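Source file: data03.csv (CSV, C-alpha atoms)
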```csv
chain,number,residue,atom,x,y,z
A,1214,GLN,CA,-142.6,95.8,56.8
A,1215,VAL,CA,-146.1,95.1,55.6
A,1216,GLN,CA,-148.6,97.9,55.5
A,1217,LEU,CA,-152.2,97.8,54.7
A,1218,VAL,CA,-153.8,101.2,54.7
A,1219,GLU,CA,-157.5,101.6,54.1
A,1220,SER,CA,-159.2,104.9,53.2
A,1221,GLY,CA,-162.3,106.4,51.6
A,1222,GLY,CA,-164.8,105.7,54.3
A,1223,ASP,CA,-167.4,108.4,55.1
A,1224,LEU,CA,-170.9,109.2,56.2
A,1225,VAL,CA,-173.4,108.8,53.4
A,1226,GLU,CA,-177.1,108.6,53.0
A,1227,THR,CA,-179.0,105.5,52.0
A,1228,GLY,CA,-178.6,104.9,48.3
A,1229,GLY,CA,-175.3,106.7,48.2
A,1230,SER,CA,-171.9,105.5,46.9
A,1231,LEU,CA,-168.4,105.4,48.1
A,1232,ARG,CA,-165.0,104.1,46.8
A,1233,LEU,CA,-162.7,102.5,49.3
A,1234,SER,CA,-159.0,102.1,48.7
A,1235,CYS,CA,-156.4,99.8,50.2
A,1236,ALA,CA,-152.9,100.8,49.6
A,1237,THR,CA,-150.3,98.1,50.4
A,1238,ARG,CA,-146.6,98.1,51.0
A,1239,GLY,CA,-144.2,95.2,51.6
A,1240,ILE,CA,-146.2,92.5,49.9
A,1241,ASN,CA,-145.9,90.8,46.5
A,1242,PHE,CA,-149.2,92.4,45.5
A,1243,SER,CA,-149.6,91.2,42.0
A,1244,SER,CA,-149.1,87.6,43.2
A,1245,VAL,CA,-151.8,87.5,45.9
A,1246,THR,CA,-155.5,87.4,46.2
A,1247,MET,CA,-156.8,90.6,47.9
A,1248,GLY,CA,-159.9,90.7,50.0
A,1249,TRP,CA,-162.2,93.2,51.8
A,1250,TYR,CA,-163.8,92.4,55.1
A,1251,ARG,CA,-166.0,94.4,57.4
A,1252,ALA,CA,-166.7,94.4,61.1
A,1253,GLY,CA,-169.2,96.2,63.4
A,1254,LYS,CA,-168.6,97.1,67.0
A,1255,GLY,CA,-168.0,94.0,69.0
A,1256,LYS,CA,-168.6,91.7,66.0
A,1257,ALA,CA,-166.3,89.4,64.1
A,1258,ARG,CA,-165.0,90.4,60.7
A,1259,GLU,CA,-167.1,89.1,57.9
A,1260,PHE,CA,-165.9,88.5,54.3
A,1261,VAL,CA,-167.2,91.0,51.7
A,1262,ALA,CA,-165.3,90.5,48.5
A,1263,ARG,CA,-162.1,89.1,47.0
A,1264,ILE,CA,-160.2,89.4,43.8
A,1265,SER,CA,-157.6,86.9,42.6
A,1266,GLU,CA,-154.3,87.6,40.9
A,1267,SER,CA,-156.0,86.9,37.6
A,1268,GLY,CA,-158.9,89.2,38.4
A,1269,SER,CA,-161.5,86.7,39.3
A,1270,THR,CA,-163.9,88.1,41.8
A,1271,HIS,CA,-166.2,86.7,44.5
A,1272,TYR,CA,-168.7,88.5,46.7
A,1273,VAL,CA,-170.8,87.8,49.8
A,1274,SER,CA,-174.4,87.5,48.6
A,1275,SER,CA,-175.6,90.7,50.5
A,1276,VAL,CA,-173.4,92.9,48.3
A,1277,LYS,CA,-173.6,91.3,45.0
A,1278,GLY,CA,-174.7,93.7,42.3
A,1279,ARG,CA,-173.9,96.7,44.5
A,1280,PHE,CA,-170.2,96.4,45.3
A,1281,THR,CA,-167.3,96.0,42.9
A,1282,ILE,CA,-163.8,95.0,43.9
A,1283,SER,CA,-160.9,95.8,41.6
A,1284,ARG,CA,-157.1,96.0,41.8
A,1285,ASP,CA,-154.3,98.1,40.3
A,1286,ASN,CA,-151.1,96.1,40.4
A,1287,ALA,CA,-149.0,99.1,39.3
A,1288,GLN,CA,-150.2,101.0,42.4
A,1289,ASN,CA,-150.3,98.0,44.7
A,1290,THR,CA,-153.8,99.0,45.6
A,1291,THR,CA,-157.2,97.4,45.7
A,1292,TYR,CA,-160.5,99.2,45.6
A,1293,LEU,CA,-164.1,98.5,46.7
A,1294,GLU,CA,-166.7,100.5,44.8
A,1295,MET,CA,-169.8,100.6,46.9
A,1296,THR,CA,-173.2,101.7,45.4
A,1297,SER,CA,-176.8,101.6,46.6
A,1298,LEU,CA,-175.6,101.7,50.2
A,1299,ARG,CA,-177.9,100.6,52.9
A,1300,PRO,CA,-177.8,101.2,56.7
A,1301,GLU,CA,-176.8,97.6,57.3
A,1302,ASP,CA,-173.6,98.3,55.3
A,1303,THR,CA,-172.5,100.5,58.2
A,1304,ASN,CA,-169.2,99.0,59.4
A,1305,THR,CA,-165.5,99.4,59.5
A,1306,TYR,CA,-163.9,98.0,56.3
A,1307,PHE,CA,-160.6,96.2,56.2
A,1308,CYS,CA,-158.4,94.7,53.5
A,1309,ASN,CA,-155.9,91.9,53.5
A,1310,ALA,CA,-154.0,89.5,51.3
A,1311,LEU,CA,-155.6,86.1,51.3
A,1312,VAL,CA,-154.1,82.6,51.1
A,1313,SER,CA,-156.6,79.8,50.9
A,1314,ASP,CA,-159.3,82.3,51.8
A,1315,LEU,CA,-157.5,83.2,55.1
A,1316,PRO,CA,-156.0,86.6,55.9
A,1317,LEU,CA,-152.3,86.6,55.6
A,1318,TYR,CA,-151.2,89.7,57.5
A,1319,ASN,CA,-152.1,91.7,60.6
A,1320,TRP,CA,-155.1,93.9,60.1
A,1321,GLY,CA,-154.8,97.6,59.4
A,1322,GLN,CA,-156.9,100.2,61.1
A,1323,GLY,CA,-159.7,100.0,58.6
A,1324,THR,CA,-161.9,102.8,57.2
A,1325,ARG,CA,-165.3,103.6,58.7
A,1326,VAL,CA,-168.4,103.6,56.5
A,1327,THR,CA,-171.6,105.0,58.0
A,1328,VAL,CA,-174.9,104.9,56.1
A,1329,SER,CA,-177.7,107.0,57.5
A,1330,SER,CA,-181.3,106.0,57.0
```

Using structure tokens, write down the structure from this file.
Amino acid sequence: QVQLVESGGDLVETGGSLRLSCATRGINFSSVTMGWYRAGKGKAREFVARISESGSTHYVSSVKGRFTISRDNAQNTTYLEMTSLRPEDTNTYFCNALVSDLPLYNWGQGTRVTVSS
């Protein structure tokens, strides 16, 4: 059974930092691209960042230079280091495995990030 469990979200002030984690079970983690998405209330999920099996990364322009995606294949976990947070980063963040840039599995519950102004 596939499990995607996001954690690390919190309430922070503008300019603050957070590290999100996505622990996975039941997937061939080291062989898939992993991605982070985010969604606000009533809004569609938007792509944030992805990291390939080889470690190549790609980010949405709004987070470039502020967010860093990484992965630990031994722990089957991917991370999203978030710095210089802005109120517009307030969202629920989700992770998933990606194939051809499309999410592969059912979404987990996500982790909530709230940035106060």

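Minimum atom-to-atom distances from A:Ser1220, A:Gln1214, A:Ser1243, A:Thr1327 to Ala1287 of chain A were compared using all atoms listed in the file, and the lowest value belongs to A:Ser1243.
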
Within 12 Å of Leu1315 of chain A using only C-alpha atoms, minus same-chain residues under 6 positions, as a PyMOL selection string: chain A and resi 1245-1250+1258-1260+1263+1308-1309

List the neighbours of Glu1301 of chain A out to 10 Å using all atoms listed in the file; skip same-chain residues closer than 5 positions along the sequence, and give me the result as a short mmCIF file (atom, residue, chain, number, x, y, z; two decimals) with C-alpha atoms, keeping the file's coordinate frame.
```cif
data_model
loop_
_atom_site.label_atom_id
_atom_site.label_comp_id
_atom_site.auth_asym_id
_atom_site.auth_seq_id
_atom_site.Cartn_x
_atom_site.Cartn_y
_atom_site.Cartn_z
CA THR A 1227 -179.00 105.50 52.00
CA GLY A 1253 -169.20 96.20 63.40
CA SER A 1275 -175.60 90.70 50.50
CA THR A 1327 -171.60 105.00 58.00
CA VAL A 1328 -174.90 104.90 56.10
CA SER A 1329 -177.70 107.00 57.50
CA SER A 1330 -181.30 106.00 57.00
#
```

Distance query 6 Å from (-157.4, 101.8, 56.3) using all atoms listed in the file, result as a ChimeraX atom specification: /A:1218-1220,1321-1324

Length of the atom CA of Asp1302 of chain A to atom CA of Val1276 of chain A vector [Å]: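 Atom CA of Val1276 of chain A lies at a distance of 8.8 Å from atom CA of Asp1302 of chain A.
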
For Leu1311 of chain A, the nearest of the candidates A:Leu1293, A:Ile1240, A:Ala1252, A:Val1273, counting all atoms listed in the file: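 For Leu1311 of chain A, the nearest of the candidates is A:Ile1240.
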
Å distance separating atom CA of Ser1283 of chain A from atom CA of Ile1264 of chain A, one decimal place: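 Atom CA of Ile1264 of chain A lies 6.8 Å from atom CA of Ser1283 of chain A.
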
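The protein and nucleic acid residues lying at most 7 Å from Asn1289 of chain A are Ala1236, Thr1237 and Phe1242 of chain A, with all atoms listed in the file considered and sequence neighbours fewer than 5 positions away removed.
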
How would the residues just picked look written out with C-alpha atoms as a CSV table (one decimal), keeping the file's coordinate frame?
```csv
chain,number,residue,atom,x,y,z
A,1236,ALA,CA,-152.9,100.8,49.6
A,1237,THR,CA,-150.3,98.1,50.4
A,1242,PHE,CA,-149.2,92.4,45.5
```

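The closest residue to Tyr1318 of chain A, picked from A:Thr1291, A:Gly1239, A:Gly1222, A:Leu1233 and counting only C-alpha atoms, is A:Gly1239.
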